[in-house]
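Pasting my_file-v6.pdb here (PDB, C-alpha atoms):
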```pdb
ATOM      1  CA  MET A   1     112.809 231.996  97.907
ATOM      2  CA  SER A   2     109.176 232.873  97.951
ATOM      3  CA  VAL A   3     106.203 234.732  99.384
ATOM      4  CA  ALA A   4     102.782 233.476 100.462
ATOM      5  CA  LEU A   5      99.733 235.557 101.342
ATOM      6  CA  GLN A   6      97.046 233.460 102.984
ATOM      7  CA  SER A   7      93.946 233.581 105.133
ATOM      8  CA  GLU A   8      94.615 230.185 106.740
ATOM      9  CA  ALA A   9      96.850 229.616 109.751
ATOM     10  CA  ILE A  10     100.611 229.519 109.213
ATOM     11  CA  ASP A  11     102.148 226.133 109.972
ATOM     12  CA  VAL A  12     105.450 227.389 111.399
ATOM     13  CA  ALA A  13     107.055 223.948 111.597
ATOM     14  CA  ALA A  14     106.148 223.161 107.974
ATOM     15  CA  GLU A  15     107.449 226.543 106.798
ATOM     16  CA  TYR A  16     110.752 225.988 108.587
ATOM     17  CA  ALA A  17     111.102 222.472 107.183
ATOM     18  CA  LYS A  18     110.411 223.728 103.653
ATOM     19  CA  LEU A  19     112.900 226.588 104.011
ATOM     20  CA  VAL A  20     115.788 224.380 105.134
ATOM     21  CA  ARG A  21     114.894 221.583 102.706
ATOM     22  CA  ASP A  22     114.868 223.979  99.729
ATOM     23  CA  SER A  23     117.870 226.054 100.841
ATOM     24  CA  PRO A  24     120.301 224.208 103.072
ATOM     25  CA  GLY A  25     122.825 226.549 104.618
ATOM     26  CA  ALA A  26     124.967 227.024 107.666
ATOM     27  CA  ALA A  27     122.667 229.466 109.480
ATOM     28  CA  VAL A  28     118.888 229.821 109.651
ATOM     29  CA  ALA A  29     117.025 232.654 111.355
ATOM     30  CA  THR A  30     113.276 233.055 111.627
ATOM     31  CA  PHE A  31     110.776 235.510 113.059
ATOM     32  CA  THR A  32     107.176 234.738 113.974
ATOM     33  CA  GLY A  33     104.717 237.522 114.790
ATOM     34  CA  TYR A  34     101.471 236.949 116.720
ATOM     35  CA  VAL A  35      98.286 238.930 117.446
ATOM     36  CA  ARG A  36      98.664 240.657 120.822
ATOM     37  CA  ASP A  37      95.831 240.911 123.335
ATOM     38  CA  HIS A  38      96.466 244.628 123.748
ATOM     39  CA  SER A  39      97.421 247.757 121.869
ATOM     40  CA  GLY A  40      98.682 250.515 124.083
ATOM     41  CA  GLN A  41      96.235 250.668 126.972
ATOM     42  CA  GLN A  42      93.372 249.052 125.006
ATOM     43  CA  SER A  43      92.481 245.372 125.061
ATOM     44  CA  VAL A  44      92.311 243.608 121.697
ATOM     45  CA  THR A  45      90.031 240.644 120.989
ATOM     46  CA  GLU A  46      90.535 240.352 117.227
ATOM     47  CA  LEU A  47      92.637 241.800 114.435
ATOM     48  CA  GLU A  48      91.506 242.201 110.856
ATOM     49  CA  LEU A  49      94.156 242.556 108.161
ATOM     50  CA  GLU A  50      93.298 243.966 104.762
ATOM     51  CA  HIS A  51      95.776 244.072 101.905
ATOM     52  CA  TYR A  52      96.290 244.898  98.243
ATOM     53  CA  PRO A  53      97.216 241.395  96.964
ATOM     54  CA  GLU A  54      99.204 242.167  93.799
ATOM     55  CA  MET A  55     101.107 245.040  95.368
ATOM     56  CA  ALA A  56     101.770 243.119  98.590
ATOM     57  CA  LEU A  57     103.245 240.193  96.628
ATOM     58  CA  LYS A  58     105.457 242.536  94.620
ATOM     59  CA  VAL A  59     106.694 244.465  97.669
ATOM     60  CA  LEU A  60     107.458 241.278  99.626
ATOM     61  CA  GLU A  61     109.180 239.576  96.677
ATOM     62  CA  ASP A  62     111.318 242.683  96.103
ATOM     63  CA  LEU A  63     112.107 242.758  99.817
ATOM     64  CA  GLY A  64     113.302 239.149  99.798
ATOM     65  CA  GLN A  65     115.454 239.802  96.728
ATOM     66  CA  SER A  66     116.910 242.916  98.345
ATOM     67  CA  ALA A  67     117.785 240.954 101.496
ATOM     68  CA  THR A  68     119.368 238.259  99.317
ATOM     69  CA  GLU A  69     121.554 240.800  97.528
ATOM     70  CA  ARG A  70     122.525 242.586 100.726
ATOM     71  CA  PHE A  71     123.245 239.517 102.888
ATOM     72  CA  GLY A  72     124.066 236.777 100.370
ATOM     73  CA  LEU A  73     121.125 234.577 101.326
ATOM     74  CA  SER A  74     120.794 231.106  99.880
ATOM     75  CA  GLY A  75     117.117 231.044 100.812
ATOM     76  CA  TRP A  76     114.297 233.115 102.269
ATOM     77  CA  ARG A  77     110.531 232.958 102.742
ATOM     78  CA  ILE A  78     107.877 235.418 103.870
ATOM     79  CA  VAL A  79     104.379 234.230 104.809
ATOM     80  CA  HIS A  80     101.777 236.851 105.760
ATOM     81  CA  ARG A  81      98.179 236.382 106.837
ATOM     82  CA  PHE A  82      95.139 238.446 105.932
ATOM     83  CA  GLY A  83      91.532 238.364 107.141
ATOM     84  CA  ARG A  84      90.246 238.066 110.687
ATOM     85  CA  LEU A  85      92.701 236.752 113.278
ATOM     86  CA  ALA A  86      92.146 235.928 116.936
ATOM     87  CA  VAL A  87      94.541 236.804 119.737
ATOM     88  CA  SER A  88      97.631 234.543 119.701
ATOM     89  CA  GLU A  89      97.245 233.595 116.026
ATOM     90  CA  THR A  90     100.307 233.931 113.816
ATOM     91  CA  ILE A  91     100.298 237.032 111.581
ATOM     92  CA  VAL A  92     103.648 236.705 109.848
ATOM     93  CA  TRP A  93     106.546 234.283 109.487
ATOM     94  CA  VAL A  94     109.902 235.222 107.966
ATOM     95  CA  GLY A  95     112.880 232.937 107.430
ATOM     96  CA  ALA A  96     116.372 233.479 106.034
ATOM     97  CA  VAL A  97     119.199 231.059 105.242
ATOM     98  CA  ALA A  98     122.810 232.251 104.940
ATOM     99  CA  ASP A  99     126.365 231.052 105.392
ATOM    100  CA  HIS A 100     126.691 232.908 108.713
ATOM    101  CA  ARG A 101     124.324 233.674 111.600
ATOM    102  CA  GLY A 102     124.842 237.447 111.464
ATOM    103  CA  GLU A 103     123.638 237.641 107.881
ATOM    104  CA  ALA A 104     120.636 235.367 108.514
ATOM    105  CA  ILE A 105     119.573 237.332 111.604
ATOM    106  CA  SER A 106     120.114 240.707 109.936
ATOM    107  CA  ALA A 107     118.152 239.593 106.865
ATOM    108  CA  CYS A 108     115.143 238.646 109.030
ATOM    109  CA  GLU A 109     115.364 241.947 110.842
ATOM    110  CA  LEU A 110     115.599 243.910 107.582
ATOM    111  CA  MET A 111     112.646 242.043 106.084
ATOM    112  CA  MET A 112     110.445 242.637 109.142
ATOM    113  CA  ASP A 113     111.454 246.275 109.612
ATOM    114  CA  THR A 114     110.768 247.016 105.946
ATOM    115  CA  LEU A 115     107.617 244.910 105.729
ATOM    116  CA  LYS A 116     106.070 246.869 108.613
ATOM    117  CA  THR A 117     106.382 250.169 106.746
ATOM    118  CA  ASP A 118     106.351 249.294 103.028
ATOM    119  CA  ALA A 119     103.932 246.408 102.512
ATOM    120  CA  PRO A 120     100.309 247.408 101.810
ATOM    121  CA  PHE A 121      98.587 245.857 104.824
ATOM    122  CA  TRP A 122      96.040 247.685 106.960
ATOM    123  CA  LYS A 123      95.136 246.574 110.478
ATOM    124  CA  ARG A 124      91.834 247.092 112.264
ATOM    125  CA  GLU A 125      91.672 246.065 115.900
ATOM    126  CA  GLN A 126      88.515 244.972 117.707
ATOM    127  CA  GLY A 127      88.310 245.304 121.455
ATOM    128  CA  ALA A 128      86.251 246.386 124.442
ATOM    129  CA  ALA A 129      86.503 250.019 123.278
ATOM    130  CA  GLY A 130      85.187 249.155 119.804
ATOM    131  CA  GLU A 131      87.114 249.035 116.575
ATOM    132  CA  GLN A 132      90.026 251.185 115.484
ATOM    133  CA  TRP A 133      92.428 251.293 112.566
ATOM    134  CA  VAL A 134      96.053 250.912 113.582
ATOM    135  CA  ALA A 135      98.182 253.914 112.636
ATOM    136  CA  SER A 136     101.796 253.543 111.622
ATOM    137  CA  ARG A 137     104.208 254.010 114.497
ATOM    138  CA  ASP A 138     107.193 256.351 114.532
ATOM    139  CA  SER A 139     109.323 253.539 115.971
ATOM    140  CA  ASP A 140     108.602 251.386 112.881
ATOM    141  CA  SER A 141     109.647 254.230 110.589
ATOM    142  CA  ALA A 142     112.816 254.786 112.623
ATOM    143  CA  ARG A 143     113.737 251.087 112.397
ATOM    144  CA  ARG A 144     113.156 251.190 108.634
ATOM    145  CA  ALA A 145     115.230 254.374 108.235
ATOM    146  CA  ARG A 146     118.310 252.855 109.860
ATOM    147  CA  TRP A 147     118.474 250.249 107.069
ATOM    148  CA  GLN A 148     118.314 252.961 104.430
ATOM    149  CA  SER A 149     121.031 254.996 106.113
ATOM    150  CA  GLY A 150     123.358 252.003 106.413
ATOM    151  CA  GLU A 151     123.328 252.337 110.217
ATOM    152  CA  ALA A 152     122.052 248.754 110.620
ATOM    153  CA  GLN A 153     124.038 245.795 109.382
TER     154      GLN A 153
END
```
In C-alpha coordinates, write the structure found in this file.
Amino acid sequence: MSVALQSEAIDVAAEYAKLVRDSPGAAVATFTGYVRDHSGQQSVTELELEHYPEMALKVLEDLGQSATERFGLSGWRIVHRFGRLAVSETIVWVGAVADHRGEAISACELMMDTLKTDAPFWKREQGAAGEQWVASRDSDSARRARWQSGEAQ
(Lines of atoms letter the chains of each structure in order from A and count residues from 1; the text may use other names and numbers.)
(Lines give C-alpha, C1' and ligand atoms only; values in the text may rest on other atoms or scores of the structure.)
Protein backbone atom coordinates (compact mmCIF):
# COMPACT_ATOMS: atom_id res chain seq x y z
CA MET A 1 0.00 0.00 0.00
CA SER A 2 2.03 2.84 -1.33
CA VAL A 3 2.55 5.76 -3.68
CA ALA A 4 5.47 6.62 -5.96
CA LEU A 5 6.07 9.87 -7.82
CA GLN A 6 8.83 9.51 -10.38
CA SER A 7 10.34 11.02 -13.50
CA GLU A 8 11.53 7.66 -14.86
CA ALA A 9 9.40 5.25 -16.87
CA ILE A 10 6.94 3.03 -15.01
CA ASP A 11 7.76 -0.66 -15.26
CA VAL A 12 4.18 -1.97 -15.36
CA ALA A 13 5.15 -5.63 -15.07
CA ALA A 14 7.37 -4.94 -12.04
CA GLU A 15 4.65 -2.86 -10.38
CA TYR A 16 2.11 -5.64 -10.87
CA ALA A 17 4.50 -8.27 -9.54
CA LYS A 18 5.25 -6.15 -6.46
CA LEU A 19 1.55 -5.51 -5.81
CA VAL A 20 0.55 -9.18 -5.88
CA ARG A 21 3.68 -10.30 -4.02
CA ASP A 22 3.07 -7.81 -1.18
CA SER A 23 -0.72 -8.24 -1.08
CA PRO A 24 -1.95 -11.59 -2.33
CA GLY A 25 -5.70 -11.61 -2.79
CA ALA A 26 -8.43 -13.16 -4.85
CA ALA A 27 -8.87 -10.27 -7.30
CA VAL A 28 -6.45 -7.77 -8.81
CA ALA A 29 -7.42 -4.82 -10.99
CA THR A 30 -5.07 -2.32 -12.59
CA PHE A 31 -5.26 0.78 -14.76
CA THR A 32 -2.47 2.15 -16.93
CA GLY A 33 -2.72 5.60 -18.50
CA TYR A 34 -0.61 6.70 -21.49
CA VAL A 35 0.20 9.99 -23.26
CA ARG A 36 -2.17 10.39 -26.22
CA ASP A 37 -1.05 11.76 -29.58
CA HIS A 38 -3.98 14.17 -29.63
CA SER A 39 -6.09 16.41 -27.44
CA GLY A 40 -9.39 17.33 -28.97
CA GLN A 41 -8.60 18.31 -32.54
CA GLN A 42 -4.94 19.18 -31.79
CA SER A 43 -1.99 16.86 -32.27
CA VAL A 44 0.24 16.30 -29.24
CA THR A 45 3.96 15.52 -29.49
CA GLU A 46 4.90 15.78 -25.81
CA LEU A 47 3.31 16.22 -22.41
CA GLU A 48 4.92 17.95 -19.47
CA LEU A 49 3.60 17.20 -15.99
CA GLU A 50 4.33 19.51 -13.09
CA HIS A 51 3.34 18.71 -9.53
CA TYR A 52 3.53 19.80 -5.91
CA PRO A 53 5.47 16.80 -4.48
CA GLU A 54 4.50 16.87 -0.79
CA MET A 55 0.85 17.62 -1.49
CA ALA A 56 0.64 15.07 -4.31
CA LEU A 57 2.02 12.33 -2.03
CA LYS A 58 -0.45 13.24 0.71
CA VAL A 59 -3.46 13.35 -1.63
CA LEU A 60 -2.57 10.02 -3.27
CA GLU A 61 -1.84 8.29 0.05
CA ASP A 62 -5.17 9.53 1.45
CA LEU A 63 -6.88 8.34 -1.73
CA GLY A 64 -5.44 4.84 -1.38
CA GLN A 65 -6.49 4.70 2.28
CA SER A 66 -9.98 5.90 1.39
CA ALA A 67 -10.30 3.20 -1.29
CA THR A 68 -9.07 0.62 1.23
CA GLU A 69 -11.72 1.65 3.76
CA ARG A 70 -14.49 1.78 1.19
CA PHE A 71 -13.70 -1.47 -0.66
CA GLY A 72 -11.80 -3.56 1.91
CA LEU A 73 -8.59 -3.70 -0.11
CA SER A 74 -5.73 -5.88 1.02
CA GLY A 75 -3.34 -3.92 -1.18
CA TRP A 76 -3.07 -0.93 -3.50
CA ARG A 77 -0.41 1.10 -5.30
CA ILE A 78 -0.41 4.36 -7.24
CA VAL A 79 2.56 5.34 -9.41
CA HIS A 80 2.48 8.72 -11.17
CA ARG A 81 5.03 10.29 -13.48
CA PHE A 82 6.16 13.90 -13.68
CA GLY A 83 8.44 15.74 -16.11
CA ARG A 84 8.49 15.54 -19.89
CA LEU A 85 6.80 12.52 -21.45
CA ALA A 86 6.64 11.45 -25.09
CA VAL A 87 3.54 10.11 -26.81
CA SER A 88 2.77 6.52 -25.72
CA GLU A 89 4.74 6.78 -22.46
CA THR A 90 2.99 5.67 -19.29
CA ILE A 91 1.70 8.54 -17.12
CA VAL A 92 0.02 6.64 -14.30
CA TRP A 93 -0.41 3.11 -12.99
CA VAL A 94 -2.95 2.14 -10.33
CA GLY A 95 -3.47 -1.30 -8.82
CA ALA A 96 -5.90 -2.68 -6.25
CA VAL A 97 -6.15 -6.08 -4.56
CA ALA A 98 -9.39 -7.26 -2.94
CA ASP A 99 -11.31 -10.41 -2.11
CA HIS A 100 -13.70 -9.86 -5.03
CA ARG A 101 -13.35 -8.45 -8.56
CA GLY A 102 -16.07 -5.82 -8.13
CA GLU A 103 -14.27 -4.20 -5.22
CA ALA A 104 -10.87 -4.29 -6.96
CA ILE A 105 -12.28 -2.78 -10.17
CA SER A 106 -14.30 -0.15 -8.32
CA ALA A 107 -11.29 0.81 -6.20
CA CYS A 108 -9.18 1.43 -9.33
CA GLU A 109 -11.96 3.47 -10.85
CA LEU A 110 -12.41 5.53 -7.67
CA MET A 111 -8.67 6.16 -7.39
CA MET A 112 -8.38 7.30 -11.02
CA ASP A 113 -11.55 9.41 -10.99
CA THR A 114 -10.44 11.16 -7.80
CA LEU A 115 -6.79 11.47 -8.80
CA LYS A 116 -7.78 13.31 -11.99
CA THR A 117 -9.54 16.06 -10.04
CA ASP A 118 -7.86 16.18 -6.61
CA ALA A 119 -4.15 15.50 -7.09
CA PRO A 120 -1.99 18.59 -7.71
CA PHE A 121 -0.67 17.79 -11.19
CA TRP A 122 -0.64 20.29 -14.05
CA LYS A 123 -0.33 19.24 -17.68
CA ARG A 124 1.17 21.24 -20.53
CA GLU A 125 0.86 19.79 -24.00
CA GLN A 126 3.27 20.46 -26.86
CA GLY A 127 2.10 20.06 -30.42
CA ALA A 128 2.00 21.50 -33.91
CA ALA A 129 -0.14 24.40 -32.63
CA GLY A 130 2.38 25.25 -29.89
CA GLU A 131 2.04 24.68 -26.19
CA GLN A 132 -1.08 24.82 -24.06
CA TRP A 133 -2.00 24.07 -20.47
CA VAL A 134 -4.65 21.40 -20.12
CA ALA A 135 -7.80 22.64 -18.38
CA SER A 136 -9.84 20.40 -16.14
CA ARG A 137 -12.72 18.72 -17.94
CA ASP A 138 -16.34 18.73 -16.83
CA SER A 139 -16.51 14.98 -17.48
CA ASP A 140 -13.72 14.39 -14.92
CA SER A 141 -15.58 16.44 -12.33
CA ALA A 142 -18.80 14.55 -13.06
CA ARG A 143 -17.05 11.19 -12.62
CA ARG A 144 -15.59 12.40 -9.32
CA ALA A 145 -18.97 13.70 -8.11
CA ARG A 146 -20.69 10.34 -8.56
CA TRP A 147 -18.33 8.81 -5.97
CA GLN A 148 -19.15 11.55 -3.49
CA SER A 149 -22.88 11.15 -4.02
CA GLY A 150 -22.73 7.38 -3.55
CA GLU A 151 -24.05 6.86 -7.09
CA ALA A 152 -20.99 4.77 -8.03
CA GLN A 153 -20.17 1.55 -6.24
Counting all atoms listed in the file, the residue of A:Ala128, A:Met112, A:Val59, A:Ala96 that sits nearest Phe71 in chain A: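 Ranked by minimum distance to Phe71 in chain A, first place goes to A:Ala96.
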Contacts of Val87 in chain A at 10 Å or less, counting all atoms listed in the file, minus same-chain residues fewer than 5 places along, as a list in words? Tyr34, Val35, Arg36, Asp37, His38, Val44, Thr45, Glu46 and Leu47 of chain A
Would you output that residue set with C-alpha atoms, as an mmCIF file, in the frame of the given file?
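Contents of the output file again17.cif:
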```cif
data_model
loop_
_atom_site.group_PDB
_atom_site.id
_atom_site.type_symbol
_atom_site.label_atom_id
_atom_site.label_comp_id
_atom_site.auth_asym_id
_atom_site.auth_seq_id
_atom_site.Cartn_x
_atom_site.Cartn_y
_atom_site.Cartn_z
ATOM 1 C CA TYR A 34 101.471 236.949 116.720
ATOM 2 C CA VAL A 35 98.286 238.930 117.446
ATOM 3 C CA ARG A 36 98.664 240.657 120.822
ATOM 4 C CA ASP A 37 95.831 240.911 123.335
ATOM 5 C CA HIS A 38 96.466 244.628 123.748
ATOM 6 C CA VAL A 44 92.311 243.608 121.697
ATOM 7 C CA THR A 45 90.031 240.644 120.989
ATOM 8 C CA GLU A 46 90.535 240.352 117.227
ATOM 9 C CA LEU A 47 92.637 241.800 114.435
#
```
Excluding same-chain residues fewer than 4 positions from Arg21 in chain A, what lies within 12 Å of it counting all atoms listed in the file, as a ChimeraX atom specification? /A:1,14-17,25,28,74-76,97
Give me the result of the PyMOL selection byres ((chain A and resi 4) around 6) on this file, residue by residue, as a PyMOL selection string. chain A and resi 3+5+79
Minimum-distance residue to Gln6 in chain A, chosen among A:Thr30, A:Ser43, A:Gln65, A:Thr90 (using all atoms listed in the file):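 Residue with the minimum atom-to-atom distance to Gln6 in chain A: A:Thr90.
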I'd like the interatomic distance between CA of Gln126 in chain A and CA of Asp11 in chain A, to a tenth of an Å. 24.5 Å
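A straight line drawn from CA of Ala26 in chain A to CA of Ala152 in chain A is 22.1 Å long.
Of the residues listed (A:Gln42, A:Ser2, A:Ser23, A:Thr117), A:Ser2 shows the shortest atom-to-atom separation from Val94 in chain A; distances use only C-alpha atoms.
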Could you pull the residues within 12 Å of Leu73 in chain A, counting only C-alpha atoms, minus those fewer than 5 positions along the same chain, as a list in words? Met1, Leu19, Ser23, Pro24, Gly25, Ala26, Ala27, Val28, Ala29, Gly64, Gln65, Ser66, Ala67, Thr68, Gly95, Ala96, Val97, Ala98, Asp99, His100, Arg101, Gly102, Glu103, Ala104, Ile105, Ser106, Ala107 and Cys108 of chain A
Exercise: range 135-148 of chain A partners within 10 Å, all atoms listed in the file, chain neighbours under 5 positions left out, as a PDB file with C-alpha atoms, in the coordinates of the input:
```
ATOM      1  CA  GLU A 109     115.364 241.947 110.842  1.00  0.00           C
ATOM      2  CA  LEU A 110     115.599 243.910 107.582  1.00  0.00           C
ATOM      3  CA  MET A 111     112.646 242.043 106.084  1.00  0.00           C
ATOM      4  CA  MET A 112     110.445 242.637 109.142  1.00  0.00           C
ATOM      5  CA  ASP A 113     111.454 246.275 109.612  1.00  0.00           C
ATOM      6  CA  THR A 114     110.768 247.016 105.946  1.00  0.00           C
ATOM      7  CA  LEU A 115     107.617 244.910 105.729  1.00  0.00           C
ATOM      8  CA  LYS A 116     106.070 246.869 108.613  1.00  0.00           C
ATOM      9  CA  THR A 117     106.382 250.169 106.746  1.00  0.00           C
ATOM     10  CA  ASP A 118     106.351 249.294 103.028  1.00  0.00           C
ATOM     11  CA  TRP A 122      96.040 247.685 106.960  1.00  0.00           C
ATOM     12  CA  LYS A 123      95.136 246.574 110.478  1.00  0.00           C
ATOM     13  CA  ARG A 124      91.834 247.092 112.264  1.00  0.00           C
ATOM     14  CA  GLN A 153     124.038 245.795 109.382  1.00  0.00           C
TER      15      GLN A 153
END
```
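Coordinates place CA of Ile10 in chain A at a distance of 25.8 Å from CA of Gly40 in chain A.
Of the residues under consideration (A:Ala129, A:Val20, A:Leu63, A:Leu49), A:Leu49 shows the shortest atom-to-atom contact distance to His80 in chain A when counting all atoms listed in the file.
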Distance cut-off 6 Å, centre (92.5, 239.3, 108.6) in file coordinates, counting all atoms listed in the file: which residues qualify? Return them as a PyMOL selection string. chain A and resi 48-49+82-85
How would range 111-135 of chain A look with N, CA and C atoms restored, written as an mmCIF file, in the coordinates of the input?
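Wrote part.cif, looks like this:
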```cif
data_model
loop_
_atom_site.group_PDB
_atom_site.id
_atom_site.type_symbol
_atom_site.label_atom_id
_atom_site.label_comp_id
_atom_site.auth_asym_id
_atom_site.auth_seq_id
_atom_site.Cartn_x
_atom_site.Cartn_y
_atom_site.Cartn_z
ATOM 1 N N MET A 111 113.931 242.373 106.713
ATOM 2 C CA MET A 111 112.646 242.043 106.084
ATOM 3 C C MET A 111 111.473 242.475 106.961
ATOM 4 N N MET A 112 111.543 242.236 108.260
ATOM 5 C CA MET A 112 110.445 242.637 109.142
ATOM 6 C C MET A 112 110.354 244.151 109.275
ATOM 7 N N ASP A 113 111.485 244.819 109.463
ATOM 8 C CA ASP A 113 111.454 246.275 109.612
ATOM 9 C C ASP A 113 110.902 246.946 108.362
ATOM 10 N N THR A 114 111.229 246.425 107.200
ATOM 11 C CA THR A 114 110.768 247.016 105.946
ATOM 12 C C THR A 114 109.327 246.618 105.657
ATOM 13 N N LEU A 115 108.985 245.386 105.929
ATOM 14 C CA LEU A 115 107.617 244.910 105.729
ATOM 15 C C LEU A 115 106.630 245.768 106.515
ATOM 16 N N LYS A 116 106.972 246.095 107.750
ATOM 17 C CA LYS A 116 106.070 246.869 108.613
ATOM 18 C C LYS A 116 105.721 248.236 108.028
ATOM 19 N N THR A 117 106.636 248.825 107.269
ATOM 20 C CA THR A 117 106.382 250.169 106.746
ATOM 21 C C THR A 117 106.018 250.190 105.265
ATOM 22 N N ASP A 118 106.491 249.214 104.483
ATOM 23 C CA ASP A 118 106.351 249.294 103.028
ATOM 24 C C ASP A 118 105.249 248.422 102.436
ATOM 25 N N ALA A 119 104.925 247.322 103.080
ATOM 26 C CA ALA A 119 103.932 246.408 102.512
ATOM 27 C C ALA A 119 102.515 246.956 102.728
ATOM 28 N N PRO A 120 101.665 246.848 101.720
ATOM 29 C CA PRO A 120 100.309 247.408 101.810
ATOM 30 C C PRO A 120 99.344 246.506 102.585
ATOM 31 N N PHE A 121 99.496 246.542 103.909
ATOM 32 C CA PHE A 121 98.587 245.857 104.824
ATOM 33 C C PHE A 121 97.991 246.920 105.747
ATOM 34 N N TRP A 122 96.713 246.763 106.049
ATOM 35 C CA TRP A 122 96.040 247.685 106.960
ATOM 36 C C TRP A 122 95.397 246.864 108.059
ATOM 37 N N LYS A 123 95.615 247.315 109.312
ATOM 38 C CA LYS A 123 95.136 246.574 110.478
ATOM 39 C C LYS A 123 93.992 247.322 111.155
ATOM 40 N N ARG A 124 92.961 246.547 111.486
ATOM 41 C CA ARG A 124 91.834 247.092 112.264
ATOM 42 C C ARG A 124 91.664 246.202 113.485
ATOM 43 N N GLU A 125 91.793 246.807 114.649
ATOM 44 C CA GLU A 125 91.672 246.065 115.900
ATOM 45 C C GLU A 125 90.245 246.152 116.435
ATOM 46 N N GLN A 126 89.791 245.037 116.999
ATOM 47 C CA GLN A 126 88.515 244.972 117.707
ATOM 48 C C GLN A 126 88.832 244.770 119.182
ATOM 49 N N GLY A 127 88.090 245.466 120.025
ATOM 50 C CA GLY A 127 88.310 245.304 121.455
ATOM 51 C C GLY A 127 87.147 245.853 122.245
ATOM 52 N N ALA A 128 87.310 245.909 123.557
ATOM 53 C CA ALA A 128 86.251 246.386 124.442
ATOM 54 C C ALA A 128 85.843 247.822 124.108
ATOM 55 N N ALA A 129 86.785 248.613 123.608
ATOM 56 C CA ALA A 129 86.503 250.019 123.278
ATOM 57 C C ALA A 129 85.942 250.178 121.862
ATOM 58 N N GLY A 130 85.690 249.084 121.171
ATOM 59 C CA GLY A 130 85.187 249.155 119.804
ATOM 60 C C GLY A 130 86.279 248.823 118.812
ATOM 61 N N GLU A 131 86.124 249.331 117.600
ATOM 62 C CA GLU A 131 87.114 249.035 116.575
ATOM 63 C C GLU A 131 87.920 250.283 116.245
ATOM 64 N N GLN A 132 89.175 250.060 115.883
ATOM 65 C CA GLN A 132 90.026 251.185 115.484
ATOM 66 C C GLN A 132 91.058 250.715 114.483
ATOM 67 N N TRP A 133 91.364 251.567 113.517
ATOM 68 C CA TRP A 133 92.428 251.293 112.566
ATOM 69 C C TRP A 133 93.752 251.567 113.251
ATOM 70 N N VAL A 134 94.737 250.761 112.971
ATOM 71 C CA VAL A 134 96.053 250.912 113.582
ATOM 72 C C VAL A 134 96.879 251.856 112.724
ATOM 73 N N ALA A 135 97.342 252.938 113.336
ATOM 74 C CA ALA A 135 98.182 253.914 112.636
ATOM 75 C C ALA A 135 99.627 253.435 112.632
#
```
